[in-house]
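Coordinates as given in input.cif (mmCIF, C-alpha atoms):
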```cif
data_work
loop_
_atom_site.label_atom_id
_atom_site.label_comp_id
_atom_site.auth_asym_id
_atom_site.auth_seq_id
_atom_site.Cartn_x
_atom_site.Cartn_y
_atom_site.Cartn_z
CA MET Q 1 -1.97 18.64 -13.41
CA ASN Q 2 0.43 19.52 -10.60
CA THR Q 3 3.37 17.20 -10.06
CA LEU Q 4 5.80 16.77 -7.21
CA THR Q 5 8.98 18.62 -8.00
CA ARG Q 6 12.53 17.78 -7.00
CA ARG Q 7 14.13 20.07 -4.44
CA PRO Q 8 17.59 19.97 -2.84
CA LEU Q 9 17.74 18.48 0.66
CA THR Q 10 19.94 20.27 3.19
CA GLY Q 11 20.69 19.96 6.87
CA LEU Q 12 19.04 16.55 7.30
CA LEU Q 13 20.44 13.74 9.44
CA ALA Q 14 19.42 10.09 9.63
CA ALA Q 15 21.96 8.91 12.19
CA ALA Q 16 20.11 5.76 13.22
CA VAL Q 17 19.94 4.67 9.60
CA LEU Q 18 23.56 5.44 8.86
CA THR Q 19 25.05 3.75 11.90
CA GLY Q 20 23.22 0.50 11.18
CA GLY Q 21 22.22 0.29 14.84
CA LEU Q 22 19.13 -1.73 13.93
CA ALA Q 23 18.20 -5.34 13.21
CA GLY Q 24 19.77 -5.21 9.74
CA PRO Q 25 21.08 -2.50 7.42
CA VAL Q 26 18.85 0.01 5.69
CA LEU Q 27 19.28 0.10 1.94
CA VAL Q 28 20.80 3.44 0.93
CA THR Q 29 20.66 4.14 -2.79
CA SER Q 30 20.49 7.16 -5.04
CA ALA Q 31 16.71 6.96 -4.68
CA TRP Q 32 16.91 6.84 -0.88
CA SER Q 33 19.57 9.21 0.33
CA ALA Q 34 20.42 9.54 4.00
CA THR Q 35 23.65 11.50 3.82
CA PRO Q 36 24.38 13.59 6.91
CA GLY Q 37 24.05 17.31 6.46
CA THR Q 38 26.15 20.01 8.07
CA GLU Q 39 23.58 20.61 10.82
CA ALA Q 40 22.31 17.90 13.14
CA VAL Q 41 18.58 17.56 13.56
CA ASN Q 42 17.34 17.88 17.13
CA GLU Q 43 15.80 14.44 17.68
CA GLN Q 44 13.30 15.90 20.15
CA ALA Q 45 11.93 18.06 17.34
CA LEU Q 46 11.13 15.05 15.14
CA LEU Q 47 7.58 13.77 15.05
CA SER Q 48 7.08 10.41 16.72
CA GLY Q 49 6.28 7.31 14.68
CA ASP Q 50 2.70 7.34 15.92
CA GLU Q 51 2.32 11.02 14.98
CA ILE Q 52 3.61 10.34 11.49
CA ALA Q 53 1.23 7.38 11.11
CA ALA Q 54 -1.66 9.58 12.26
CA ARG Q 55 -0.80 12.21 9.64
CA ILE Q 56 -0.62 9.55 6.92
CA ASN Q 57 -4.09 8.32 7.83
CA ALA Q 58 -5.48 11.86 8.09
CA ARG Q 59 -4.30 12.74 4.59
CA ASP Q 60 -7.19 13.66 2.31
CA ASP Q 61 -7.87 10.86 -0.17
CA GLY Q 62 -11.48 11.75 -0.95
CA ASP Q 63 -14.74 10.25 0.23
CA SER Q 64 -14.66 7.82 -2.68
CA VAL Q 65 -12.68 7.06 -5.83
CA ALA Q 66 -13.06 5.09 -9.06
CA ARG Q 67 -10.03 4.16 -11.12
CA SER Q 68 -8.65 1.78 -13.69
CA MET Q 69 -5.68 -0.24 -12.56
CA THR Q 70 -3.28 -2.16 -14.76
CA MET Q 71 -1.20 -4.84 -13.04
CA GLU Q 72 2.10 -5.84 -14.63
CA LEU Q 73 3.75 -8.98 -13.22
CA VAL Q 74 7.32 -9.76 -14.29
CA ASP Q 75 9.17 -12.92 -13.22
CA LYS Q 76 12.94 -13.27 -12.76
CA ARG Q 77 13.33 -14.36 -16.41
CA GLY Q 78 11.64 -11.19 -17.62
CA LYS Q 79 8.35 -12.82 -18.67
CA LYS Q 80 5.52 -10.31 -18.22
CA ARG Q 81 1.83 -10.86 -17.54
CA THR Q 82 -0.67 -8.00 -17.65
CA ARG Q 83 -4.05 -7.72 -15.95
CA LYS Q 84 -6.69 -5.03 -16.28
CA THR Q 85 -9.01 -4.12 -13.41
CA ARG Q 86 -11.48 -1.54 -12.23
CA SER Q 87 -11.01 -0.50 -8.62
CA PHE Q 88 -13.33 1.41 -6.30
CA ARG Q 89 -13.06 2.75 -2.77
CA LYS Q 90 -15.63 4.41 -0.54
CA TYR Q 91 -15.77 5.52 3.07
CA PHE Q 92 -18.84 4.46 5.02
CA GLU Q 93 -19.82 5.51 8.53
CA THR Q 94 -17.72 2.89 10.30
CA GLU Q 95 -15.43 1.44 7.62
CA LYS Q 96 -13.56 1.91 4.38
CA ARG Q 97 -14.54 -0.48 1.58
CA ILE Q 98 -12.52 -1.42 -1.50
CA ALA Q 99 -13.82 -3.43 -4.45
CA ILE Q 100 -11.65 -4.66 -7.34
CA PHE Q 101 -13.07 -6.30 -10.48
CA PHE Q 102 -10.79 -8.09 -12.95
CA GLU Q 103 -11.59 -7.52 -16.62
CA LYS Q 104 -8.62 -9.01 -18.54
CA PRO Q 105 -7.17 -11.49 -19.43
CA ARG Q 106 -9.74 -14.22 -19.84
CA ASN Q 107 -8.28 -16.54 -17.20
CA VAL Q 108 -8.93 -14.01 -14.40
CA ARG Q 109 -11.92 -12.16 -15.89
CA ASP Q 110 -14.84 -11.75 -13.45
CA THR Q 111 -12.65 -12.47 -10.44
CA ALA Q 112 -13.51 -9.87 -7.80
CA PHE Q 113 -12.24 -8.79 -4.41
CA LEU Q 114 -13.90 -6.88 -1.54
CA THR Q 115 -12.46 -5.60 1.72
CA PHE Q 116 -13.97 -3.90 4.77
CA ASP Q 117 -11.40 -1.93 6.76
CA TYR Q 118 -13.10 -0.90 10.01
CA LEU Q 119 -12.13 2.42 11.56
CA GLU Q 120 -12.33 1.05 15.10
CA ASP Q 121 -9.72 -1.48 16.16
CA SER Q 122 -12.38 -3.42 18.07
CA GLU Q 123 -13.95 -4.50 14.77
CA GLU Q 124 -12.27 -7.30 12.83
CA ASP Q 125 -11.52 -6.34 9.24
CA ALA Q 126 -13.03 -8.60 6.57
CA GLN Q 127 -12.03 -9.58 3.03
CA TRP Q 128 -13.67 -11.74 0.36
CA LEU Q 129 -12.50 -13.10 -3.00
CA TYR Q 130 -14.91 -14.25 -5.71
CA LEU Q 131 -13.56 -17.01 -7.95
CA PRO Q 132 -15.80 -17.44 -11.03
CA ALA Q 133 -14.52 -20.97 -11.76
CA LEU Q 134 -15.86 -22.07 -8.37
CA ARG Q 135 -18.83 -19.70 -8.46
CA ARG Q 136 -18.42 -18.88 -4.82
CA VAL Q 137 -17.18 -16.07 -2.59
CA ARG Q 138 -14.33 -17.12 -0.29
CA ARG Q 139 -13.65 -15.31 2.98
CA ILE Q 140 -10.00 -14.36 3.48
CA SER Q 141 -9.02 -15.23 7.03
CA GLY Q 142 -7.12 -12.72 9.13
CA SER Q 143 -4.32 -15.27 9.38
CA ASP Q 144 -4.01 -15.16 5.55
CA ARG Q 145 -3.70 -11.41 5.19
CA GLY Q 146 0.03 -11.71 4.57
CA ASP Q 147 -0.58 -13.96 1.54
CA TYR Q 148 0.13 -12.48 -1.88
CA PHE Q 149 -2.84 -11.07 -3.76
CA MET Q 150 -3.58 -12.78 -7.10
CA GLY Q 151 0.05 -13.64 -7.84
CA THR Q 152 1.33 -10.08 -7.28
CA ASP Q 153 4.02 -8.95 -4.84
CA PHE Q 154 1.41 -7.06 -2.81
CA THR Q 155 -0.33 -8.85 0.06
CA TYR Q 156 -4.02 -8.81 0.89
CA ASP Q 157 -3.11 -6.48 3.72
CA ASP Q 158 -1.27 -4.11 1.36
CA ILE Q 159 -4.40 -3.90 -0.79
CA ARG Q 160 -6.57 -3.22 2.26
CA GLN Q 161 -4.38 -0.36 3.47
CA ASP Q 162 -4.49 1.46 0.08
CA THR Q 163 -1.80 4.12 0.84
CA LYS Q 164 -2.75 4.28 4.54
CA VAL Q 165 -1.07 2.44 7.42
CA SER Q 166 -2.26 0.10 10.14
CA ARG Q 167 -3.33 1.73 13.37
CA SER Q 168 -2.29 -1.08 15.69
CA ASP Q 169 -0.17 -3.70 13.91
CA TYR Q 170 3.17 -1.97 14.48
CA ASN Q 171 5.22 -0.24 17.14
CA ARG Q 172 6.74 2.70 15.28
CA THR Q 173 9.93 4.67 15.82
CA THR Q 174 11.19 7.72 13.93
CA LEU Q 175 14.81 7.11 12.89
CA GLY Q 176 15.50 10.54 11.42
CA MET Q 177 15.17 12.30 8.09
CA GLY Q 178 16.01 11.12 4.60
CA GLU Q 179 15.26 11.70 0.95
CA VAL Q 180 13.47 9.71 -1.75
CA ASP Q 181 13.29 10.92 -5.35
CA GLY Q 182 14.36 14.41 -4.27
CA ARG Q 183 11.68 14.66 -1.57
CA ALA Q 184 12.43 15.23 2.12
CA CYS Q 185 10.94 12.45 4.21
CA TYR Q 186 10.72 11.02 7.69
CA VAL Q 187 12.38 7.61 8.03
CA MET Q 188 10.11 5.46 10.19
CA GLU Q 189 10.70 1.93 11.46
CA GLY Q 190 7.85 -0.44 12.21
CA ILE Q 191 8.13 -3.59 14.35
CA PRO Q 192 5.06 -5.89 14.58
CA ALA Q 193 3.29 -5.38 17.90
CA SER Q 194 3.23 -9.11 18.67
CA GLU Q 195 4.57 -12.43 17.40
CA ASP Q 196 1.08 -13.37 16.24
CA ILE Q 197 0.81 -10.21 14.11
CA ALA Q 198 4.28 -10.83 12.69
CA GLU Q 199 3.24 -14.35 11.68
CA GLN Q 200 0.06 -13.07 10.02
CA LEU Q 201 1.88 -10.36 8.05
CA GLY Q 202 4.99 -12.41 7.32
CA TYR Q 203 7.14 -9.40 8.28
CA SER Q 204 9.62 -8.86 11.10
CA ARG Q 205 10.38 -5.21 10.35
CA THR Q 206 9.66 -2.37 7.95
CA VAL Q 207 11.46 0.89 7.26
CA SER Q 208 9.44 3.52 5.42
CA CYS Q 209 10.19 6.97 4.05
CA VAL Q 210 7.18 9.27 4.49
CA ASP Q 211 6.91 12.53 2.53
CA ALA Q 212 7.24 15.36 5.05
CA GLU Q 213 4.74 17.59 3.22
CA ILE Q 214 1.97 15.45 1.75
CA TRP Q 215 2.24 12.51 4.21
CA MET Q 216 2.39 9.74 1.66
CA VAL Q 217 4.69 6.74 2.03
CA LEU Q 218 7.21 7.07 -0.80
CA LYS Q 219 9.18 3.92 -0.19
CA SER Q 220 9.09 0.93 2.15
CA GLU Q 221 11.62 -1.80 2.72
CA ILE Q 222 10.45 -4.99 4.38
CA TRP Q 223 12.20 -7.86 6.13
CA ASP Q 224 10.88 -11.42 6.50
CA LEU Q 225 10.49 -13.39 9.72
CA GLN Q 226 14.11 -14.56 9.50
CA GLY Q 227 15.36 -10.98 9.34
CA LYS Q 228 16.29 -11.14 5.65
CA LYS Q 229 15.41 -8.41 3.15
CA LEU Q 230 12.14 -9.51 1.55
CA LYS Q 231 10.85 -6.74 -0.70
CA THR Q 232 10.80 -3.06 -1.56
CA ILE Q 233 7.69 -1.05 -2.40
CA HIS Q 234 8.17 2.27 -4.22
CA THR Q 235 5.46 4.87 -4.85
CA ARG Q 236 6.00 7.02 -7.94
CA ASP Q 237 4.28 9.44 -10.33
CA ILE Q 238 2.48 11.36 -7.59
CA ARG Q 239 0.35 14.20 -8.87
CA GLN Q 240 -2.87 15.97 -8.02
CA VAL Q 241 -6.21 14.79 -9.34
CA GLN Q 242 -9.19 16.98 -8.50
CA GLY Q 243 -7.10 18.59 -5.75
CA ILE Q 244 -6.01 15.30 -4.15
CA TRP Q 245 -2.44 14.00 -4.21
CA THR Q 246 -2.60 10.66 -6.02
CA ALA Q 247 -0.05 7.93 -6.65
CA HIS Q 248 -0.26 6.68 -10.24
CA LEU Q 249 2.50 4.06 -10.03
CA LEU Q 250 3.26 1.47 -7.35
CA GLU Q 251 6.22 -0.86 -7.74
CA ALA Q 252 7.00 -3.90 -5.60
CA GLU Q 253 10.13 -6.01 -5.96
CA ASN Q 254 10.57 -9.34 -4.20
CA HIS Q 255 14.29 -9.72 -3.46
CA LYS Q 256 14.01 -13.45 -2.79
CA THR Q 257 12.21 -14.51 -5.96
CA GLY Q 258 13.26 -11.75 -8.36
CA HIS Q 259 9.56 -11.19 -9.14
CA LYS Q 260 8.29 -7.64 -9.68
CA THR Q 261 4.81 -6.11 -9.73
CA THR Q 262 3.74 -2.70 -11.02
CA PHE Q 263 0.31 -1.16 -10.45
CA ILE Q 264 -0.49 1.63 -12.93
CA MET Q 265 -3.46 3.86 -12.07
CA SER Q 266 -5.45 5.75 -14.69
CA GLU Q 267 -8.88 7.37 -15.14
CA VAL Q 268 -8.84 8.35 -11.47
CA ASP Q 269 -12.10 10.06 -10.46
CA TYR Q 270 -12.83 11.24 -6.92
CA LEU Q 271 -16.21 12.67 -7.96
CA ALA Q 272 -17.72 9.45 -9.29
CA ASP Q 273 -21.15 8.61 -7.88
CA LEU Q 274 -20.59 5.12 -6.45
CA SER Q 275 -23.57 3.11 -5.28
CA ASP Q 276 -23.31 1.41 -1.89
CA ASP Q 277 -24.42 -1.80 -3.61
CA LEU Q 278 -21.11 -1.89 -5.46
CA PHE Q 279 -19.37 -2.74 -2.19
CA THR Q 280 -21.26 -5.93 -1.29
CA ARG Q 281 -20.59 -9.65 -1.59
CA SER Q 282 -23.50 -9.99 -4.03
CA ALA Q 283 -21.81 -7.42 -6.28
CA LEU Q 284 -18.73 -9.65 -6.48
CA LYS Q 285 -20.80 -12.36 -8.14
CA ARG Q 286 -22.79 -9.92 -10.24
CA GLY Q 287 -19.79 -8.04 -11.58
CA LEU Q 288 -19.78 -4.67 -13.29
#
```
Exercise: express the given structure as structure tokens:
Amino acid sequence: MNTLTRRPLTGLLAAAVLTGGLAGPVLVTSAWSATPGTEAVNEQALLSGDEIAARINARDDGDSVARSMTMELVDKRGKKRTRKTRSFRKYFETEKRIAIFFEKPRNVRDTAFLTFDYLEDSEEDAQWLYLPALRRVRRISGSDRGDYFMGTDFTYDDIRQDTKVSRSDYNRTTLGMGEVDGRACYVMEGIPASEDIAEQLGYSRTVSCVDAEIWMVLKSEIWDLQGKKLKTIHTRDIRQVQGIWTAHLLEAENHKTGHKTTFIMSEVDYLADLSDDLFTRSALKRGL
């Protein structure tokens, strides 16, 4: 399999990041370098935030995919919990659907999740969670999309996006260029488009580094409604599967609680024949 290789970064400037002329400092670490180069980047030549978002969403991620996903949850004391799931995604005519079925451990087995992400902003996205102990499917309200998914550090909305970005939730600005894990990337700021959206998401601001070649978000840093650093999401182990660039490791760290979540992808198959019936509320109760 092909893997992303490290390459030196030269002549790249992220002046807006370095000067701290924003609503809070951007974390600059060895994994997220924004050191000025010897040549300034012409800001007019940079893609706009909306253009970058459009390229992220246009990135080929297959018509459908089946995968195993291991969730590792680690609290601030280092205690780890592990969950095993099967995850499926498929594009329909008007929406993207994602179904997740929990297999292990016993206390979450047969729990299932379904989301409809409509391609048109006029349609309201929908999410459902099946809880076997209650034997009922619960609708996730749009106002709850910023809640954390099954005790992880990823929200319901993070799960719905699935490596893509919202089309209308944020006003986006390109801050400059940077580097994550040896990869050149655009540094893009997102501010919720309204107070209502900010309340739903639980975020006041995001800063993301987007790979300038494959258009995948490599790292995001997120601030809460009080303007304090909330969490960092890091995408790692990106390699091609059946010709499609695929993230095999997602890490989220909550800076307030010290809790960490890792999603490990395996058995990724973009050629799997997935029945439409798999992506229905009745399938949540039926299980795999």
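In terms of minimum interatomic distance to Glu123 in chain Q, Q:Thr94 ranks closest within Q:Asp147, Q:Thr94, Q:Val241, Q:Gly182, counting all atoms listed in the file.
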Using all atoms listed in the file, which residues sit within 8 Å of Lys231 in chain Q once same-chain residues fewer than 5 positions away are excluded, as an mmCIF file with C-alpha atoms, in the frame of the given file?
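Resulting contents of around-v3.cif:
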```
data_model
loop_
_atom_site.group_PDB
_atom_site.id
_atom_site.type_symbol
_atom_site.label_atom_id
_atom_site.label_comp_id
_atom_site.auth_asym_id
_atom_site.auth_seq_id
_atom_site.Cartn_x
_atom_site.Cartn_y
_atom_site.Cartn_z
ATOM 1 C CA GLU Q 221 11.620 -1.800 2.720
ATOM 2 C CA ILE Q 222 10.450 -4.990 4.380
ATOM 3 C CA TRP Q 223 12.200 -7.860 6.130
ATOM 4 C CA ALA Q 252 7.000 -3.900 -5.600
ATOM 5 C CA GLU Q 253 10.130 -6.010 -5.960
ATOM 6 C CA ASN Q 254 10.570 -9.340 -4.200
ATOM 7 C CA HIS Q 255 14.290 -9.720 -3.460
ATOM 8 C CA LYS Q 256 14.010 -13.450 -2.790
#
```
Can you report as JSON the centre and edge lengths in Å, to one decimal, of an axis-aligned box around the listed atoms of range 47-56 of chain Q padded with 3 Å on each side?
```
{"center_x": 3.0, "center_y": 10.5, "center_z": 11.8, "size_x": 15.2, "size_y": 12.5, "size_z": 15.8}
```
Correct to one decimal, the distance CA of Gly146 in chain Q-CA of Gln200 in chain Q is 5.6 Å
* To do: Kindly extract all protein, DNA and RNA residues lying within 12 Å of the coordinates (-18.8, -11.4, -9.2) given in the file, considering all atoms listed in the file, and supply them as a PyMOL selection string.
  => chain Q and resi 99-103+108-114+128-138+278-288
query: Could you name the residues that touch Asp169 in chain Q at 9 Å or less, counting all atoms listed in the file, but leaving out those on the same chain fewer than 6 positions away, as JSON, numbers by chain?
result: {"Q": [190, 191, 192, 193, 194, 197, 198]}
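Coordinates place CA of Tyr186 in chain Q at a distance of 10.7 Å from CA of Lys219 in chain Q.
Interatomic distance, CA of Thr70 in chain Q against CA of Ile244 in chain Q: 20.6 Å.
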Excluding Ala272 in chain Q and its own-chain neighbours fewer than 4 positions away, which residues fall within 8 Å of it when counting only C-alpha atoms? Please give them as number ranges by chain. Q: 64-66
Exercise for review: Mind checking which residues fall within 10 Å of Asp117 in chain Q, counting all atoms listed in the file, ignoring those fewer than 6 positions away in the same chain, and posting them as an MDAnalysis selection string?
Suggested key: chainID Q and resid 91:92 94:98 123:127 157 160:161 166
Residues returned when the PyMOL selection byres ((chain Q and resi 271) around 12) runs on this file, as a short mmCIF file (atom, residue, chain, number, x, y, z; two decimals) with C-alpha atoms, in the coordinates of the input:
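This is the output file selection19.cif:
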```cif
data_model
loop_
_atom_site.label_atom_id
_atom_site.label_comp_id
_atom_site.auth_asym_id
_atom_site.auth_seq_id
_atom_site.Cartn_x
_atom_site.Cartn_y
_atom_site.Cartn_z
CA ASP Q 61 -7.87 10.86 -0.17
CA GLY Q 62 -11.48 11.75 -0.95
CA ASP Q 63 -14.74 10.25 0.23
CA SER Q 64 -14.66 7.82 -2.68
CA VAL Q 65 -12.68 7.06 -5.83
CA ALA Q 66 -13.06 5.09 -9.06
CA ARG Q 67 -10.03 4.16 -11.12
CA PHE Q 88 -13.33 1.41 -6.30
CA ARG Q 89 -13.06 2.75 -2.77
CA LYS Q 90 -15.63 4.41 -0.54
CA VAL Q 241 -6.21 14.79 -9.34
CA GLN Q 242 -9.19 16.98 -8.50
CA GLY Q 243 -7.10 18.59 -5.75
CA ILE Q 244 -6.01 15.30 -4.15
CA GLU Q 267 -8.88 7.37 -15.14
CA VAL Q 268 -8.84 8.35 -11.47
CA ASP Q 269 -12.10 10.06 -10.46
CA TYR Q 270 -12.83 11.24 -6.92
CA ALA Q 272 -17.72 9.45 -9.29
CA ASP Q 273 -21.15 8.61 -7.88
CA LEU Q 274 -20.59 5.12 -6.45
#
```
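Note on the selection: in this file the PyMOL selection byres ((chain Q and resi 151) around 12) comes out as Met71, Glu72, Leu73, Val74, Asp75, Arg81, Thr82, Arg83, Val108, Asp147, Tyr148, Phe149, Met150, Thr152, Asp153, Phe154, Thr155, Tyr156, Asn254, His259, Lys260, Thr261 and Thr262 of chain Q.
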Practice task
Could you tell me which residues the PyMOL selection byres ((chain Q and resi 174) around 12) returns for this structure, as an NGL selection string?
Solution key: :Q and (13-17 or 43-53 or 171-173 or 175-178 or 185-191 or 206-210)
Selected residues, C-alpha atoms, written as a short mmCIF file (atom, residue, chain, number, x, y, z; two decimals), in the coordinates of the input, please.
```
data_model
loop_
_atom_site.label_atom_id
_atom_site.label_comp_id
_atom_site.auth_asym_id
_atom_site.auth_seq_id
_atom_site.Cartn_x
_atom_site.Cartn_y
_atom_site.Cartn_z
CA LEU Q 13 20.44 13.74 9.44
CA ALA Q 14 19.42 10.09 9.63
CA ALA Q 15 21.96 8.91 12.19
CA ALA Q 16 20.11 5.76 13.22
CA VAL Q 17 19.94 4.67 9.60
CA GLU Q 43 15.80 14.44 17.68
CA GLN Q 44 13.30 15.90 20.15
CA ALA Q 45 11.93 18.06 17.34
CA LEU Q 46 11.13 15.05 15.14
CA LEU Q 47 7.58 13.77 15.05
CA SER Q 48 7.08 10.41 16.72
CA GLY Q 49 6.28 7.31 14.68
CA ASP Q 50 2.70 7.34 15.92
CA GLU Q 51 2.32 11.02 14.98
CA ILE Q 52 3.61 10.34 11.49
CA ALA Q 53 1.23 7.38 11.11
CA ASN Q 171 5.22 -0.24 17.14
CA ARG Q 172 6.74 2.70 15.28
CA THR Q 173 9.93 4.67 15.82
CA LEU Q 175 14.81 7.11 12.89
CA GLY Q 176 15.50 10.54 11.42
CA MET Q 177 15.17 12.30 8.09
CA GLY Q 178 16.01 11.12 4.60
CA CYS Q 185 10.94 12.45 4.21
CA TYR Q 186 10.72 11.02 7.69
CA VAL Q 187 12.38 7.61 8.03
CA MET Q 188 10.11 5.46 10.19
CA GLU Q 189 10.70 1.93 11.46
CA GLY Q 190 7.85 -0.44 12.21
CA ILE Q 191 8.13 -3.59 14.35
CA THR Q 206 9.66 -2.37 7.95
CA VAL Q 207 11.46 0.89 7.26
CA SER Q 208 9.44 3.52 5.42
CA CYS Q 209 10.19 6.97 4.05
CA VAL Q 210 7.18 9.27 4.49
#
```
